>>> print(open('structure-v5.cif').read())   # mmCIF, C-alpha atoms
data_final
loop_
_atom_site.label_atom_id
_atom_site.label_comp_id
_atom_site.auth_asym_id
_atom_site.auth_seq_id
_atom_site.Cartn_x
_atom_site.Cartn_y
_atom_site.Cartn_z
CA MET V 1 14.13 -4.28 21.32
CA ARG V 2 14.95 -4.96 17.65
CA LEU V 3 12.27 -3.07 15.69
CA PHE V 4 11.18 -2.31 12.15
CA ILE V 5 8.25 -0.61 10.41
CA ALA V 6 6.51 -2.58 7.68
CA VAL V 7 3.51 -3.36 5.53
CA ASP V 8 2.36 -6.96 5.84
CA CYS V 9 1.17 -9.06 2.90
CA PRO V 10 -2.20 -10.82 2.99
CA GLN V 11 -1.98 -14.57 3.59
CA GLU V 12 -3.33 -15.49 0.13
CA LEU V 13 -0.63 -13.36 -1.51
CA LYS V 14 2.08 -14.96 0.64
CA SER V 15 0.79 -18.41 -0.32
CA SER V 16 0.59 -17.71 -4.07
CA LEU V 17 4.05 -16.10 -4.12
CA SER V 18 5.59 -19.01 -2.19
CA GLN V 19 3.95 -21.58 -4.49
CA PHE V 20 5.14 -19.73 -7.60
CA LEU V 21 8.72 -19.64 -6.30
CA LYS V 22 8.63 -23.30 -5.29
CA ASN V 23 7.50 -24.27 -8.80
CA SER V 24 9.93 -21.89 -10.55
CA PHE V 25 12.99 -23.02 -8.59
CA GLN V 26 12.48 -26.79 -8.86
CA THR V 27 15.33 -27.16 -11.37
CA ILE V 28 17.60 -24.39 -10.09
CA PRO V 29 20.42 -25.29 -7.66
CA GLN V 30 19.79 -23.51 -4.36
CA LYS V 31 23.05 -24.13 -2.50
CA GLY V 32 23.74 -21.19 -0.20
CA MET V 33 20.23 -19.79 -0.73
CA LYS V 34 17.90 -19.40 2.27
CA TRP V 35 14.27 -18.60 1.54
CA VAL V 36 12.31 -16.15 3.66
CA ARG V 37 9.47 -18.08 5.28
CA ALA V 38 6.10 -17.23 3.71
CA GLU V 39 4.70 -15.91 7.00
CA HIS V 40 7.59 -13.41 7.16
CA LEU V 41 7.06 -11.81 3.73
CA HIS V 42 6.58 -8.06 4.18
CA LEU V 43 7.55 -4.67 2.78
CA THR V 44 10.02 -2.98 5.13
CA LEU V 45 9.46 0.77 5.25
CA ARG V 46 12.21 1.35 7.81
CA PHE V 47 14.51 -0.90 9.84
CA LEU V 48 15.23 0.68 13.21
CA GLY V 49 17.45 -1.91 14.86
CA GLU V 50 17.78 -1.79 18.63
CA VAL V 51 15.41 0.67 20.34
CA GLU V 52 15.26 1.07 24.11
CA GLU V 53 11.93 -0.06 25.52
CA SER V 54 11.57 3.33 27.23
CA ARG V 55 11.41 4.99 23.76
CA VAL V 56 8.70 2.75 22.25
CA GLN V 57 5.84 5.01 23.35
CA LEU V 58 7.52 8.01 21.68
CA LEU V 59 8.05 5.88 18.58
CA GLU V 60 4.35 4.97 18.49
CA GLU V 61 3.38 8.65 18.90
CA THR V 62 5.82 9.58 16.13
CA LEU V 63 4.25 7.06 13.76
CA THR V 64 0.72 8.17 14.67
CA ASP V 65 1.67 11.77 13.82
CA SER V 66 3.62 10.85 10.68
CA LEU V 67 0.86 8.67 9.26
CA GLY V 68 -2.03 11.01 10.07
CA GLY V 69 -3.95 11.80 6.90
CA VAL V 70 -2.04 9.33 4.69
CA GLN V 71 -4.50 7.56 2.37
CA SER V 72 -4.42 3.84 1.66
CA PHE V 73 -3.39 2.76 -1.84
CA SER V 74 -2.33 -0.27 -3.88
CA SER V 75 0.90 -1.17 -5.62
CA LYS V 76 1.64 -3.78 -8.28
CA PHE V 77 4.50 -6.27 -8.15
CA THR V 78 7.03 -5.73 -10.92
CA THR V 79 10.28 -7.62 -11.48
CA PHE V 80 12.72 -9.76 -9.57
CA GLY V 81 16.15 -8.42 -8.69
CA PHE V 82 19.25 -8.74 -6.53
CA PHE V 83 21.01 -6.63 -3.91
CA PRO V 84 23.59 -5.22 -4.09
CA SER V 85 23.86 -6.38 -7.74
CA SER V 86 23.44 -9.60 -9.72
CA ASN V 87 27.19 -10.34 -9.81
CA ARG V 88 27.48 -9.85 -6.01
CA ALA V 89 24.00 -11.06 -5.07
CA ARG V 90 23.26 -11.38 -1.35
CA VAL V 91 19.50 -10.79 -1.52
CA PHE V 92 16.87 -11.93 -4.05
CA TRP V 93 13.75 -9.73 -4.10
CA ILE V 94 10.57 -8.82 -5.94
CA GLY V 95 9.94 -5.14 -6.54
CA LEU V 96 6.81 -3.04 -6.22
CA ASP V 97 5.79 -0.38 -8.73
CA ASP V 98 6.29 3.04 -7.20
CA SER V 99 5.95 5.10 -10.37
CA LYS V 100 3.52 7.44 -8.59
CA GLU V 101 5.95 7.57 -5.64
CA LYS V 102 3.27 6.79 -3.07
CA LEU V 103 5.48 4.25 -1.31
CA ALA V 104 8.44 6.65 -1.36
CA HIS V 105 6.17 9.40 0.04
CA LEU V 106 4.96 7.06 2.81
CA ALA V 107 8.54 6.06 3.68
CA LYS V 108 9.63 9.73 3.65
CA LYS V 109 6.83 10.80 6.00
CA ILE V 110 7.92 8.07 8.42
CA GLU V 111 11.61 8.96 7.99
CA ASP V 112 11.00 12.67 8.62
CA GLY V 113 9.15 11.89 11.87
CA LEU V 114 11.86 9.49 13.02
CA ILE V 115 14.63 12.01 12.36
CA ALA V 116 12.71 14.79 14.15
CA ASN V 117 12.42 12.56 17.24
CA ASN V 118 16.04 11.37 17.24
CA PHE V 119 15.51 7.81 15.98
CA GLY V 120 18.40 8.21 13.55
CA LYS V 121 18.61 8.35 9.76
CA ARG V 122 18.02 5.58 7.26
CA ASP V 123 21.36 4.03 6.27
CA LYS V 124 20.19 3.05 2.75
CA GLU V 125 17.91 4.70 0.22
CA PHE V 126 14.33 3.33 0.35
CA SER V 127 13.62 0.61 -2.22
CA ALA V 128 10.09 -0.81 -2.52
CA HIS V 129 10.61 -4.58 -2.44
CA LEU V 130 9.92 -7.83 -0.61
CA THR V 131 12.99 -9.89 0.28
CA LEU V 132 12.42 -13.45 -0.96
CA ALA V 133 15.76 -15.12 -0.21
CA ARG V 134 19.26 -14.45 1.06
CA PHE V 135 22.51 -15.92 -0.25
CA SER V 136 25.28 -16.97 2.13
CA PHE V 137 27.63 -16.52 -0.86
CA PRO V 138 26.95 -15.09 -4.34
CA PRO V 139 25.41 -17.69 -6.68
CA SER V 140 27.24 -18.88 -9.78
CA SER V 141 26.66 -17.11 -13.09
CA MET V 142 24.80 -20.21 -14.36
CA VAL V 143 22.36 -20.06 -11.42
CA LEU V 144 21.92 -16.30 -11.89
CA GLN V 145 21.12 -16.79 -15.58
CA GLN V 146 18.47 -19.38 -14.69
CA ILE V 147 16.94 -17.08 -12.07
CA GLU V 148 16.95 -14.09 -14.44
CA LYS V 149 14.88 -16.10 -16.96
CA ILE V 150 12.00 -16.35 -14.46
CA LYS V 151 9.36 -13.80 -15.33
CA SER V 152 7.41 -12.15 -12.56
CA PRO V 153 3.81 -13.38 -12.68
CA CYS V 154 0.71 -11.25 -12.25
CA PHE V 155 0.04 -11.37 -8.53
CA ALA V 156 -2.77 -9.50 -6.84
CA ASP V 157 -1.87 -5.92 -5.99
CA LEU V 158 -0.49 -5.26 -2.52
CA ARG V 159 -3.01 -3.09 -0.69
CA ILE V 160 -1.28 -0.69 1.68
CA SER V 161 -4.00 0.08 4.22
CA GLN V 162 -2.03 -0.19 7.45
CA VAL V 163 1.51 0.14 8.71
CA LEU V 164 2.90 -2.13 11.42
CA LEU V 165 5.46 -1.52 14.14
CA MET V 166 7.15 -4.91 14.43
CA GLN V 167 9.59 -6.51 16.82
CA SER V 168 12.05 -9.08 15.53
CA VAL V 169 12.95 -11.61 18.22
CA LEU V 170 16.06 -13.51 17.14
CA GLN V 171 15.91 -17.25 17.83
CA PRO V 172 18.14 -20.18 16.79
CA GLU V 173 15.61 -21.32 14.14
CA GLY V 174 15.29 -17.80 12.73
CA PRO V 175 13.56 -14.55 13.64
CA HIS V 176 10.09 -14.45 15.16
CA TYR V 177 8.04 -11.34 14.32
CA VAL V 178 5.65 -9.73 16.80
CA VAL V 179 3.24 -6.92 15.88
CA LEU V 180 3.55 -4.22 18.55
CA LYS V 181 1.08 -1.77 17.02
CA LYS V 182 -1.02 -1.29 13.87
CA PHE V 183 -1.52 2.13 12.28
CA LEU V 184 -4.49 2.26 9.92
CA LEU V 185 -4.28 4.58 6.93
CA VAL V 186 -7.17 6.76 5.76
CA HIS V 187 -9.59 4.69 3.66
CA ALA V 188 -12.30 6.01 1.34
CA ASN V 189 -11.88 9.54 2.72
CA LYS V 190 -12.66 8.31 6.27
CA GLU V 191 -10.18 7.47 8.97
CA LEU V 192 -10.55 4.01 10.45
CA SER V 193 -10.02 3.60 14.17
CA VAL V 194 -7.76 0.92 15.64
#
>>> encode(input="structure-v5.cif", output="structure tokens")
Amino acid sequence: MRLFIAVDCPQELKSSLSQFLKNSFQTIPQKGMKWVRAEHLHLTLRFLGEVEESRVQLLEETLTDSLGGVQSFSSKFTTFGFFPSSNRARVFWIGLDDSKEKLAHLAKKIEDGLIANNFGKRDKEFSAHLTLARFSFPPSSMVLQQIEKIKSPCFADLRISQVLLMQSVLQPEGPHYVVLKKFLLVHANKELSV
């Protein structure tokens, strides 16, 4: 099973972000650029890749233990950016403010639990972002300059109140995401039950 751990975005945030991008990119050439479908917008806390079905229960127990006592919080969207860099862009993203390191702390708690239970180590440093589009080849400098002029609008904060264990089912038309389990974070000093 191809799995990842994520925070989902509320539907209204997905819609407003998609509409903003549609309006902002009307005059920008998009050759080689594939947008992430609005329903797939999420914050990946950890990509696991292939996990044997026999290990999913241990994974769920690991996440339950790792997330125990973690309080819900909000994060603001910041700027747009590119991975690995603007001159070799393969991914276009919007970042989340992690100045208080709450997202990094959440990702580290998950990572520590995964390592302790032999689910491997993260292959890249955690970066709080939502992937918006992927490039099949790096865009021209003219296109990059146009994209870099777009200012990130004031979207509603992303409320991190639950973490999802997701399965990515690869299909010819693109991946299909299935929620395997939801893990609610502590809210208002009380733990919510699933």
>>> atom_distance(input="structure-v5.cif", atom1="CA of Asp112 in chain V", atom2="CA of Ser72 in chain V")
19.1 Å
>>> closest_atom_pairs(input="structure-v5.cif", of="range 69-124 of chain V", to="range 23-44 of chain V", cutoff="12 Å", atoms="only C-alpha atoms", output="Markdown table")
| residue | atom | partner | partner_atom | distance |
| --- | --- | --- | --- | --- |
| V:Ser75 | CA | V:Leu43 | CA | 11.3 |
| V:Phe77 | CA | V:Leu43 | CA | 11.5 |
| V:Ala89 | CA | V:Met33 | CA | 10.5 |
| V:Arg90 | CA | V:Met33 | CA | 9.0 |
| V:Val91 | CA | V:Met33 | CA | 9.1 |
| V:Phe92 | CA | V:Trp35 | CA | 9.1 |
| V:Trp93 | CA | V:Val36 | CA | 10.2 |
| V:Ile94 | CA | V:Leu43 | CA | 10.1 |
| V:Gly95 | CA | V:Leu43 | CA | 9.6 |
| V:Leu96 | CA | V:Leu43 | CA | 9.2 |
| V:Leu103 | CA | V:Leu43 | CA | 10.0 |
| V:Ala104 | CA | V:Thr44 | CA | 11.7 |
| V:Leu106 | CA | V:Thr44 | CA | 11.5 |
| V:Ala107 | CA | V:Thr44 | CA | 9.3 |
| V:Ile110 | CA | V:Thr44 | CA | 11.7 |
| V:Arg122 | CA | V:Thr44 | CA | 11.9 |
>>> closest_residue(input="structure-v5.cif", among="V:Val179, V:Leu144, V:Ser66, V:Gly120", to="Lys108 in chain V", atoms="all atoms listed in the file")
V:Ser66
>>> resolve_selection(input="structure-v5.cif", expression="the PyMOL selection byres ((chain V and resi 74) around 7)", output="PyMOL selection string")
chain V and resi 73+75-76+157-160
>>> closest_residue(input="structure-v5.cif", among="V:Arg2, V:Lys100, V:Lys182, V:Lys22", to="Leu132 in chain V", atoms="only C-alpha atoms")
V:Lys22
>>> resolve_selection(input="structure-v5.cif", expression="the PyMOL selection byres ((chain V and resi 86) around 10)", output="PyMOL selection string")
chain V and resi 81-85+87-92+138-139+141+144-145+148
>>> atom_distance(input="structure-v5.cif", atom1="CA of Leu164 in chain V", atom2="CA of Thr78 in chain V")
23.0 Å
>>> residues_near_point(input="structure-v5.cif", point="(1.6, -4.1, 19.6)", cutoff="12 Å", atoms="only C-alpha atoms", output="MDAnalysis selection string")
chainID V and resid 3 5 56:57 59:60 163:167 177:183 194
>>> write_last_selection(input="structure-v5.cif", atoms="C-alpha atoms", output="PDB file, in the coordinates of the input")
ATOM      1  CA  LEU V   3      12.270  -3.070  15.690  1.00  0.00           C
ATOM      2  CA  ILE V   5       8.250  -0.610  10.410  1.00  0.00           C
ATOM      3  CA  VAL V  56       8.700   2.750  22.250  1.00  0.00           C
ATOM      4  CA  GLN V  57       5.840   5.010  23.350  1.00  0.00           C
ATOM      5  CA  LEU V  59       8.050   5.880  18.580  1.00  0.00           C
ATOM      6  CA  GLU V  60       4.350   4.970  18.490  1.00  0.00           C
ATOM      7  CA  VAL V 163       1.510   0.140   8.710  1.00  0.00           C
ATOM      8  CA  LEU V 164       2.900  -2.130  11.420  1.00  0.00           C
ATOM      9  CA  LEU V 165       5.460  -1.520  14.140  1.00  0.00           C
ATOM     10  CA  MET V 166       7.150  -4.910  14.430  1.00  0.00           C
ATOM     11  CA  GLN V 167       9.590  -6.510  16.820  1.00  0.00           C
ATOM     12  CA  TYR V 177       8.040 -11.340  14.320  1.00  0.00           C
ATOM     13  CA  VAL V 178       5.650  -9.730  16.800  1.00  0.00           C
ATOM     14  CA  VAL V 179       3.240  -6.920  15.880  1.00  0.00           C
ATOM     15  CA  LEU V 180       3.550  -4.220  18.550  1.00  0.00           C
ATOM     16  CA  LYS V 181       1.080  -1.770  17.020  1.00  0.00           C
ATOM     17  CA  LYS V 182      -1.020  -1.290  13.870  1.00  0.00           C
ATOM     18  CA  PHE V 183      -1.520   2.130  12.280  1.00  0.00           C
ATOM     19  CA  VAL V 194      -7.760   0.920  15.640  1.00  0.00           C
TER      20      VAL V 194
END
>>> residues_around(input="structure-v5.cif", residues="Leu185 in chain V", least_positions_apart="2", cutoff="6 Å", atoms="only C-alpha atoms", output="ChimeraX atom specification")
/V:70-72,161-162
>>> atom_distance(input="structure-v5.cif", atom1="CA of Asn118 in chain V", atom2="CA of Val7 in chain V")
22.6 Å
>>> build_atoms(input="structure-v5.cif", residues="range 16-39 of chain V", atoms="N, CA and C atoms", output="compact mmCIF listing (two decimals), in the frame of the given file")
# COMPACT_ATOMS: atom_id res chain seq x y z
N SER V 16 0.43 -17.63 -2.61
CA SER V 16 0.59 -17.71 -4.07
C SER V 16 2.03 -17.39 -4.48
N LEU V 17 2.66 -16.44 -3.82
CA LEU V 17 4.05 -16.10 -4.12
C LEU V 17 4.97 -17.26 -3.76
N SER V 18 4.76 -17.87 -2.61
CA SER V 18 5.59 -19.01 -2.19
C SER V 18 5.43 -20.19 -3.14
N GLN V 19 4.20 -20.47 -3.57
CA GLN V 19 3.95 -21.58 -4.49
C GLN V 19 4.61 -21.31 -5.84
N PHE V 20 4.50 -20.09 -6.33
CA PHE V 20 5.14 -19.73 -7.60
C PHE V 20 6.65 -19.95 -7.52
N LEU V 21 7.27 -19.49 -6.45
CA LEU V 21 8.72 -19.64 -6.30
C LEU V 21 9.12 -21.10 -6.17
N LYS V 22 8.34 -21.87 -5.44
CA LYS V 22 8.63 -23.30 -5.29
C LYS V 22 8.61 -23.97 -6.66
N ASN V 23 7.60 -23.67 -7.46
CA ASN V 23 7.50 -24.27 -8.80
C ASN V 23 8.61 -23.77 -9.72
N SER V 24 8.93 -22.49 -9.66
CA SER V 24 9.93 -21.89 -10.55
C SER V 24 11.35 -22.35 -10.24
N PHE V 25 11.62 -22.69 -9.00
CA PHE V 25 12.99 -23.02 -8.59
C PHE V 25 13.24 -24.52 -8.48
N GLN V 26 12.31 -25.34 -8.97
CA GLN V 26 12.48 -26.79 -8.86
C GLN V 26 13.77 -27.27 -9.50
N THR V 27 14.15 -26.68 -10.63
CA THR V 27 15.33 -27.16 -11.37
C THR V 27 16.57 -26.30 -11.16
N ILE V 28 16.47 -25.30 -10.30
CA ILE V 28 17.60 -24.39 -10.09
C ILE V 28 18.33 -24.77 -8.80
N PRO V 29 19.67 -24.98 -8.88
CA PRO V 29 20.42 -25.29 -7.66
C PRO V 29 20.28 -24.15 -6.64
N GLN V 30 20.05 -24.52 -5.38
CA GLN V 30 19.79 -23.51 -4.36
C GLN V 30 20.82 -23.53 -3.23
N LYS V 31 22.00 -24.07 -3.52
CA LYS V 31 23.05 -24.13 -2.50
C LYS V 31 23.40 -22.71 -2.06
N GLY V 32 23.42 -22.50 -0.75
CA GLY V 32 23.74 -21.19 -0.20
C GLY V 32 22.59 -20.20 -0.23
N MET V 33 21.40 -20.67 -0.61
CA MET V 33 20.23 -19.79 -0.73
C MET V 33 19.24 -20.15 0.38
N LYS V 34 18.85 -19.16 1.19
CA LYS V 34 17.90 -19.40 2.27
C LYS V 34 16.65 -18.57 2.00
N TRP V 35 15.53 -19.27 1.84
CA TRP V 35 14.27 -18.60 1.54
C TRP V 35 13.69 -17.94 2.78
N VAL V 36 13.07 -16.79 2.59
CA VAL V 36 12.31 -16.15 3.66
C VAL V 36 11.03 -16.96 3.82
N ARG V 37 10.70 -17.32 5.05
CA ARG V 37 9.47 -18.08 5.28
C ARG V 37 8.26 -17.26 4.84
N ALA V 38 7.28 -17.92 4.27
CA ALA V 38 6.10 -17.23 3.71
C ALA V 38 5.46 -16.30 4.73
N GLU V 39 5.36 -16.74 5.98
CA GLU V 39 4.70 -15.91 7.00
C GLU V 39 5.49 -14.64 7.32
